[in-house]
Amino acid sequence: MNKLSVKQKNWLLTFHVAFGGIWFGTALCMIAIALSNQNTLNGDELYAVNGVMKLLDDFVIIPSAILSLMTGGLLCWLTIWGFFKHYWVIVKWIATVTLIVTGTIWLGPWTNAITAISDAQRLQALQNPLYVFDQKAVVVGAIIQTLCVLVIIGISVLKPWGRRKLKVQSETPVTNS
């Protein structure tokens with residue numbers, strides 16, 4: 001397959017950086033929203049804030065994380081960076097996939113749960129042990145996710161580890177004596 005031209009690569013890189021930035025910025029906003037939601041005195045407000053976090057997760061975090069992964073994959077496939085030539089690319093891949101999987105397994109369901117519980121119980125949700133646990137888990141998980149995305153962004157900019165030393169099989173000529 002042909003590699004991208006410089007202009008094509010720059011456009012794809014622009015989208016990749018934008019999706020990563022959207023993911024990071026929205027995760028940061030979710031932390032602020034989740035923290036402000038802990039002192040709510042109104043059941044409708046509690047549900048509304050949880051509903052906003054669910055919307056941000058479903059319609060901004062998930063698509064931007066997936067699009068970041070996809071554009072990163074295209075950059076690896078269609079440029080000289082490759083998937084396994086550089087340590088920083090490998091670390092970014094592992095970290096990004098790990099964040100998407102953990103978000104799918106834990107953060108998303110916790111966000112869905114606090115939204116459903118606050119919808120059904122309004123202010124009494126704050127007395128529900130499952131709600132309290134899930135709400136704290138969302139805050140802690142969002143902080144961890146946001147820090148990890150920030151580290152991934154830092155790795156993208158700094159490219160701290162060099163190129164992998166790939167073993168090249170040397171062919172020795174067979175001599176007939």
# chains A, B, ... in the order shown; residues from 1 in each chain; ligands from 1
call {"tool": "residues_around", "arguments": {"residues": "His86 in chain A", "least_positions_apart": "3", "cutoff": "12 Å", "atoms": "only C-alpha atoms", "output": "JSON, numbers by chain"}}
result
{"A": [76, 80, 81, 82, 83, 89, 90, 91, 92, 93, 155, 156, 159, 160, 161, 162, 163, 164, 165, 166]}
call {"tool": "residues_around", "arguments": {"residues": "Cys148 in chain A", "least_positions_apart": "6", "cutoff": "12 Å", "atoms": "only C-alpha atoms", "output": "PyMOL selection string"}}
result
chain A and resi 20+23-24+27-28+91-92+94-100+102+141-142+154-155
call {"tool": "write_last_selection", "arguments": {"atoms": "C-alpha atoms", "output": "short mmCIF file (atom, residue, chain, number, x, y, z; two decimals), in the first residue's frame"}}
result
data_model
loop_
_atom_site.label_atom_id
_atom_site.label_comp_id
_atom_site.auth_asym_id
_atom_site.auth_seq_id
_atom_site.Cartn_x
_atom_site.Cartn_y
_atom_site.Cartn_z
CA GLY A 20 -7.42 13.13 21.40
CA TRP A 23 -11.40 13.10 24.54
CA PHE A 24 -9.12 14.80 27.06
CA ALA A 27 -12.95 13.79 30.38
CA LEU A 28 -11.71 16.86 32.27
CA VAL A 91 2.97 2.33 24.41
CA LYS A 92 0.31 4.66 22.96
CA ILE A 94 -1.51 -0.31 24.58
CA ALA A 95 -2.58 2.67 26.70
CA THR A 96 -5.35 3.75 24.32
CA VAL A 97 -6.82 0.27 23.95
CA THR A 98 -6.60 -0.22 27.74
CA LEU A 99 -8.47 3.05 28.36
CA ILE A 100 -11.19 2.15 25.87
CA THR A 102 -11.67 -0.12 30.97
CA GLY A 141 -12.09 6.57 37.15
CA ALA A 142 -12.49 9.87 35.31
CA GLY A 154 2.69 13.89 26.22
CA ILE A 155 4.11 10.74 24.64
#
call {"tool": "residues_around", "arguments": {"residues": "Leu35 in chain A", "least_positions_apart": "4", "cutoff": "12 Å", "atoms": "only C-alpha atoms", "output": "ChimeraX atom specification"}}
result
/A:28-31,39-40,46,49-50,53,135-140,142-143
call {"tool": "write_last_selection", "arguments": {"atoms": "N, CA and C atoms", "output": "compact mmCIF listing (two decimals), in the first residue's frame"}}
result
# COMPACT_ATOMS: atom_id res chain seq x y z
N LEU A 28 -11.97 15.84 31.26
CA LEU A 28 -11.71 16.86 32.27
C LEU A 28 -13.02 17.52 32.72
N CYS A 29 -13.90 17.82 31.78
CA CYS A 29 -15.21 18.40 32.11
C CYS A 29 -16.03 17.43 32.95
N MET A 30 -15.96 16.15 32.65
CA MET A 30 -16.73 15.17 33.42
C MET A 30 -16.25 15.11 34.86
N ILE A 31 -14.96 15.31 35.09
CA ILE A 31 -14.46 15.36 36.47
C ILE A 31 -15.09 16.54 37.20
N ASN A 39 -22.54 17.50 46.01
CA ASN A 39 -23.19 18.31 47.05
C ASN A 39 -24.56 18.82 46.62
N THR A 40 -25.19 18.13 45.70
CA THR A 40 -26.49 18.54 45.19
C THR A 40 -27.57 18.37 46.26
N LEU A 46 -29.78 16.49 40.55
CA LEU A 46 -28.91 15.31 40.63
C LEU A 46 -29.08 14.45 39.38
N VAL A 49 -27.72 16.36 36.14
CA VAL A 49 -26.26 16.38 36.04
C VAL A 49 -25.75 14.99 35.63
N ASN A 50 -26.33 13.95 36.23
CA ASN A 50 -25.93 12.59 35.84
C ASN A 50 -26.28 12.33 34.37
N MET A 53 -23.68 13.87 32.19
CA MET A 53 -22.45 13.05 32.15
C MET A 53 -22.64 11.84 31.24
N GLN A 135 -20.89 6.56 42.09
CA GLN A 135 -20.58 7.97 41.93
C GLN A 135 -19.10 8.24 42.24
N LYS A 136 -18.61 7.65 43.34
CA LYS A 136 -17.18 7.81 43.67
C LYS A 136 -16.30 7.13 42.64
N ALA A 137 -16.73 5.99 42.15
CA ALA A 137 -15.96 5.26 41.14
C ALA A 137 -15.87 6.08 39.84
N VAL A 138 -16.95 6.76 39.48
CA VAL A 138 -16.92 7.61 38.28
C VAL A 138 -15.90 8.73 38.46
N VAL A 139 -15.88 9.36 39.62
CA VAL A 139 -14.92 10.45 39.87
C VAL A 139 -13.49 9.92 39.79
N VAL A 140 -13.20 8.85 40.52
CA VAL A 140 -11.84 8.30 40.53
C VAL A 140 -11.46 7.80 39.14
N ALA A 142 -12.65 8.74 36.23
CA ALA A 142 -12.49 9.87 35.31
C ALA A 142 -11.15 10.57 35.53
N ILE A 143 -10.73 10.69 36.79
CA ILE A 143 -9.42 11.31 37.08
C ILE A 143 -8.31 10.45 36.50
call {"tool": "closest_residue", "arguments": {"among": "A:Asn37, A:Asn128, A:Ser64, A:Thr71", "to": "Gly51 in chain A", "atoms": "only C-alpha atoms"}}
result
A:Asn37
call {"tool": "closest_residue", "arguments": {"among": "A:Ile62, A:Leu158, A:Ile153, A:Val6", "to": "Thr79 in chain A", "atoms": "only C-alpha atoms"}}
result
A:Val6
call {"tool": "decode", "arguments": {"residues": "range 73-112 of chain A", "atoms": "N, CA and C atoms", "output": "PDB file, in the first residue's frame"}}
result
ATOM      1  N   GLY A  73      -4.395   4.357  14.123  1.00  0.00           N
ATOM      2  CA  GLY A  73      -4.136   3.153  13.335  1.00  0.00           C
ATOM      3  C   GLY A  73      -3.824   3.478  11.887  1.00  0.00           C
ATOM      4  N   LEU A  74      -4.577   4.406  11.322  1.00  0.00           N
ATOM      5  CA  LEU A  74      -4.302   4.822   9.940  1.00  0.00           C
ATOM      6  C   LEU A  74      -2.932   5.486   9.823  1.00  0.00           C
ATOM      7  N   LEU A  75      -2.568   6.288  10.808  1.00  0.00           N
ATOM      8  CA  LEU A  75      -1.239   6.916  10.787  1.00  0.00           C
ATOM      9  C   LEU A  75      -0.138   5.864  10.832  1.00  0.00           C
ATOM     10  N   CYS A  76      -0.336   4.833  11.637  1.00  0.00           N
ATOM     11  CA  CYS A  76       0.666   3.760  11.697  1.00  0.00           C
ATOM     12  C   CYS A  76       0.739   2.999  10.388  1.00  0.00           C
ATOM     13  N   TRP A  77      -0.404   2.711   9.827  1.00  0.00           N
ATOM     14  CA  TRP A  77      -0.487   1.889   8.623  1.00  0.00           C
ATOM     15  C   TRP A  77      -0.017   2.639   7.379  1.00  0.00           C
ATOM     16  N   LEU A  78      -0.338   3.925   7.304  1.00  0.00           N
ATOM     17  CA  LEU A  78      -0.110   4.669   6.069  1.00  0.00           C
ATOM     18  C   LEU A  78       1.078   5.626   6.111  1.00  0.00           C
ATOM     19  N   THR A  79       1.882   5.555   7.168  1.00  0.00           N
ATOM     20  CA  THR A  79       3.089   6.390   7.243  1.00  0.00           C
ATOM     21  C   THR A  79       4.278   5.509   7.612  1.00  0.00           C
ATOM     22  N   ILE A  80       5.431   6.130   7.706  1.00  0.00           N
ATOM     23  CA  ILE A  80       6.649   5.378   8.033  1.00  0.00           C
ATOM     24  C   ILE A  80       6.710   4.972   9.501  1.00  0.00           C
ATOM     25  N   TRP A  81       5.804   5.498  10.347  1.00  0.00           N
ATOM     26  CA  TRP A  81       5.865   5.176  11.767  1.00  0.00           C
ATOM     27  C   TRP A  81       5.634   3.690  12.009  1.00  0.00           C
ATOM     28  N   GLY A  82       4.690   3.096  11.317  1.00  0.00           N
ATOM     29  CA  GLY A  82       4.399   1.682  11.511  1.00  0.00           C
ATOM     30  C   GLY A  82       3.806   1.404  12.880  1.00  0.00           C
ATOM     31  N   PHE A  83       3.401   0.157  13.091  1.00  0.00           N
ATOM     32  CA  PHE A  83       2.780  -0.239  14.356  1.00  0.00           C
ATOM     33  C   PHE A  83       3.811  -0.638  15.405  1.00  0.00           C
ATOM     34  N   PHE A  84       4.927  -1.184  14.982  1.00  0.00           N
ATOM     35  CA  PHE A  84       5.871  -1.764  15.937  1.00  0.00           C
ATOM     36  C   PHE A  84       7.303  -1.257  15.773  1.00  0.00           C
ATOM     37  N   LYS A  85       7.504  -0.208  15.021  1.00  0.00           N
ATOM     38  CA  LYS A  85       8.864   0.302  14.789  1.00  0.00           C
ATOM     39  C   LYS A  85       9.367   1.171  15.939  1.00  0.00           C
ATOM     40  N   HIS A  86       8.462   1.823  16.663  1.00  0.00           N
ATOM     41  CA  HIS A  86       8.847   2.773  17.704  1.00  0.00           C
ATOM     42  C   HIS A  86       8.184   2.393  19.025  1.00  0.00           C
ATOM     43  N   TYR A  87       8.951   2.461  20.099  1.00  0.00           N
ATOM     44  CA  TYR A  87       8.404   2.132  21.417  1.00  0.00           C
ATOM     45  C   TYR A  87       7.255   3.046  21.802  1.00  0.00           C
ATOM     46  N   TRP A  88       7.358   4.351  21.479  1.00  0.00           N
ATOM     47  CA  TRP A  88       6.322   5.291  21.871  1.00  0.00           C
ATOM     48  C   TRP A  88       4.989   4.972  21.199  1.00  0.00           C
ATOM     49  N   VAL A  89       5.023   4.451  19.982  1.00  0.00           N
ATOM     50  CA  VAL A  89       3.793   4.075  19.285  1.00  0.00           C
ATOM     51  C   VAL A  89       3.167   2.858  19.963  1.00  0.00           C
ATOM     52  N   ILE A  90       3.989   1.894  20.322  1.00  0.00           N
ATOM     53  CA  ILE A  90       3.495   0.687  20.998  1.00  0.00           C
ATOM     54  C   ILE A  90       2.844   1.058  22.337  1.00  0.00           C
ATOM     55  N   VAL A  91       3.515   1.913  23.108  1.00  0.00           N
ATOM     56  CA  VAL A  91       2.973   2.328  24.406  1.00  0.00           C
ATOM     57  C   VAL A  91       1.643   3.063  24.223  1.00  0.00           C
ATOM     58  N   LYS A  92       1.561   3.943  23.221  1.00  0.00           N
ATOM     59  CA  LYS A  92       0.313   4.663  22.961  1.00  0.00           C
ATOM     60  C   LYS A  92      -0.812   3.697  22.594  1.00  0.00           C
ATOM     61  N   TRP A  93      -0.504   2.703  21.772  1.00  0.00           N
ATOM     62  CA  TRP A  93      -1.518   1.720  21.383  1.00  0.00           C
ATOM     63  C   TRP A  93      -2.032   0.967  22.596  1.00  0.00           C
ATOM     64  N   ILE A  94      -1.121   0.463  23.395  1.00  0.00           N
ATOM     65  CA  ILE A  94      -1.511  -0.314  24.580  1.00  0.00           C
ATOM     66  C   ILE A  94      -2.330   0.553  25.538  1.00  0.00           C
ATOM     67  N   ALA A  95      -1.877   1.774  25.778  1.00  0.00           N
ATOM     68  CA  ALA A  95      -2.579   2.671  26.699  1.00  0.00           C
ATOM     69  C   ALA A  95      -3.965   3.044  26.172  1.00  0.00           C
ATOM     70  N   THR A  96      -4.070   3.355  24.897  1.00  0.00           N
ATOM     71  CA  THR A  96      -5.352   3.751  24.320  1.00  0.00           C
ATOM     72  C   THR A  96      -6.355   2.605  24.351  1.00  0.00           C
ATOM     73  N   VAL A  97      -5.921   1.429  23.934  1.00  0.00           N
ATOM     74  CA  VAL A  97      -6.821   0.275  23.954  1.00  0.00           C
ATOM     75  C   VAL A  97      -7.232  -0.049  25.392  1.00  0.00           C
ATOM     76  N   THR A  98      -6.290   0.038  26.328  1.00  0.00           N
ATOM     77  CA  THR A  98      -6.599  -0.221  27.739  1.00  0.00           C
ATOM     78  C   THR A  98      -7.638   0.767  28.256  1.00  0.00           C
ATOM     79  N   LEU A  99      -7.490   2.051  27.921  1.00  0.00           N
ATOM     80  CA  LEU A  99      -8.469   3.053  28.359  1.00  0.00           C
ATOM     81  C   LEU A  99      -9.852   2.797  27.765  1.00  0.00           C
ATOM     82  N   ILE A 100      -9.895   2.414  26.502  1.00  0.00           N
ATOM     83  CA  ILE A 100     -11.188   2.146  25.868  1.00  0.00           C
ATOM     84  C   ILE A 100     -11.848   0.918  26.498  1.00  0.00           C
ATOM     85  N   VAL A 101     -11.057  -0.116  26.743  1.00  0.00           N
ATOM     86  CA  VAL A 101     -11.617  -1.332  27.351  1.00  0.00           C
ATOM     87  C   VAL A 101     -12.088  -1.066  28.781  1.00  0.00           C
ATOM     88  N   THR A 102     -11.262  -0.390  29.581  1.00  0.00           N
ATOM     89  CA  THR A 102     -11.669  -0.121  30.969  1.00  0.00           C
ATOM     90  C   THR A 102     -12.858   0.842  31.020  1.00  0.00           C
ATOM     91  N   GLY A 103     -12.907   1.773  30.095  1.00  0.00           N
ATOM     92  CA  GLY A 103     -14.064   2.662  30.026  1.00  0.00           C
ATOM     93  C   GLY A 103     -15.325   1.898  29.678  1.00  0.00           C
ATOM     94  N   THR A 104     -15.197   0.927  28.796  1.00  0.00           N
ATOM     95  CA  THR A 104     -16.338   0.112  28.389  1.00  0.00           C
ATOM     96  C   THR A 104     -16.795  -0.812  29.516  1.00  0.00           C
ATOM     97  N   ILE A 105     -15.836  -1.384  30.239  1.00  0.00           N
ATOM     98  CA  ILE A 105     -16.164  -2.345  31.291  1.00  0.00           C
ATOM     99  C   ILE A 105     -16.639  -1.661  32.568  1.00  0.00           C
ATOM    100  N   TRP A 106     -16.022  -0.531  32.935  1.00  0.00           N
ATOM    101  CA  TRP A 106     -16.323   0.083  34.227  1.00  0.00           C
ATOM    102  C   TRP A 106     -16.932   1.471  34.140  1.00  0.00           C
ATOM    103  N   LEU A 107     -16.240   2.424  33.536  1.00  0.00           N
ATOM    104  CA  LEU A 107     -16.721   3.812  33.581  1.00  0.00           C
ATOM    105  C   LEU A 107     -18.102   4.001  32.955  1.00  0.00           C
ATOM    106  N   GLY A 108     -18.309   3.462  31.780  1.00  0.00           N
ATOM    107  CA  GLY A 108     -19.606   3.586  31.119  1.00  0.00           C
ATOM    108  C   GLY A 108     -20.734   2.990  31.952  1.00  0.00           C
ATOM    109  N   PRO A 109     -20.590   1.741  32.393  1.00  0.00           N
ATOM    110  CA  PRO A 109     -21.654   1.165  33.232  1.00  0.00           C
ATOM    111  C   PRO A 109     -21.884   1.914  34.544  1.00  0.00           C
ATOM    112  N   TRP A 110     -20.828   2.417  35.178  1.00  0.00           N
ATOM    113  CA  TRP A 110     -21.016   3.200  36.410  1.00  0.00           C
ATOM    114  C   TRP A 110     -21.801   4.475  36.121  1.00  0.00           C
ATOM    115  N   THR A 111     -21.466   5.134  35.017  1.00  0.00           N
ATOM    116  CA  THR A 111     -22.184   6.353  34.634  1.00  0.00           C
ATOM    117  C   THR A 111     -23.646   6.037  34.327  1.00  0.00           C
ATOM    118  N   ASN A 112     -23.881   4.951  33.608  1.00  0.00           N
ATOM    119  CA  ASN A 112     -25.259   4.543  33.306  1.00  0.00           C
ATOM    120  C   ASN A 112     -26.021   4.230  34.592  1.00  0.00           C
TER     121      ASN A 112
END
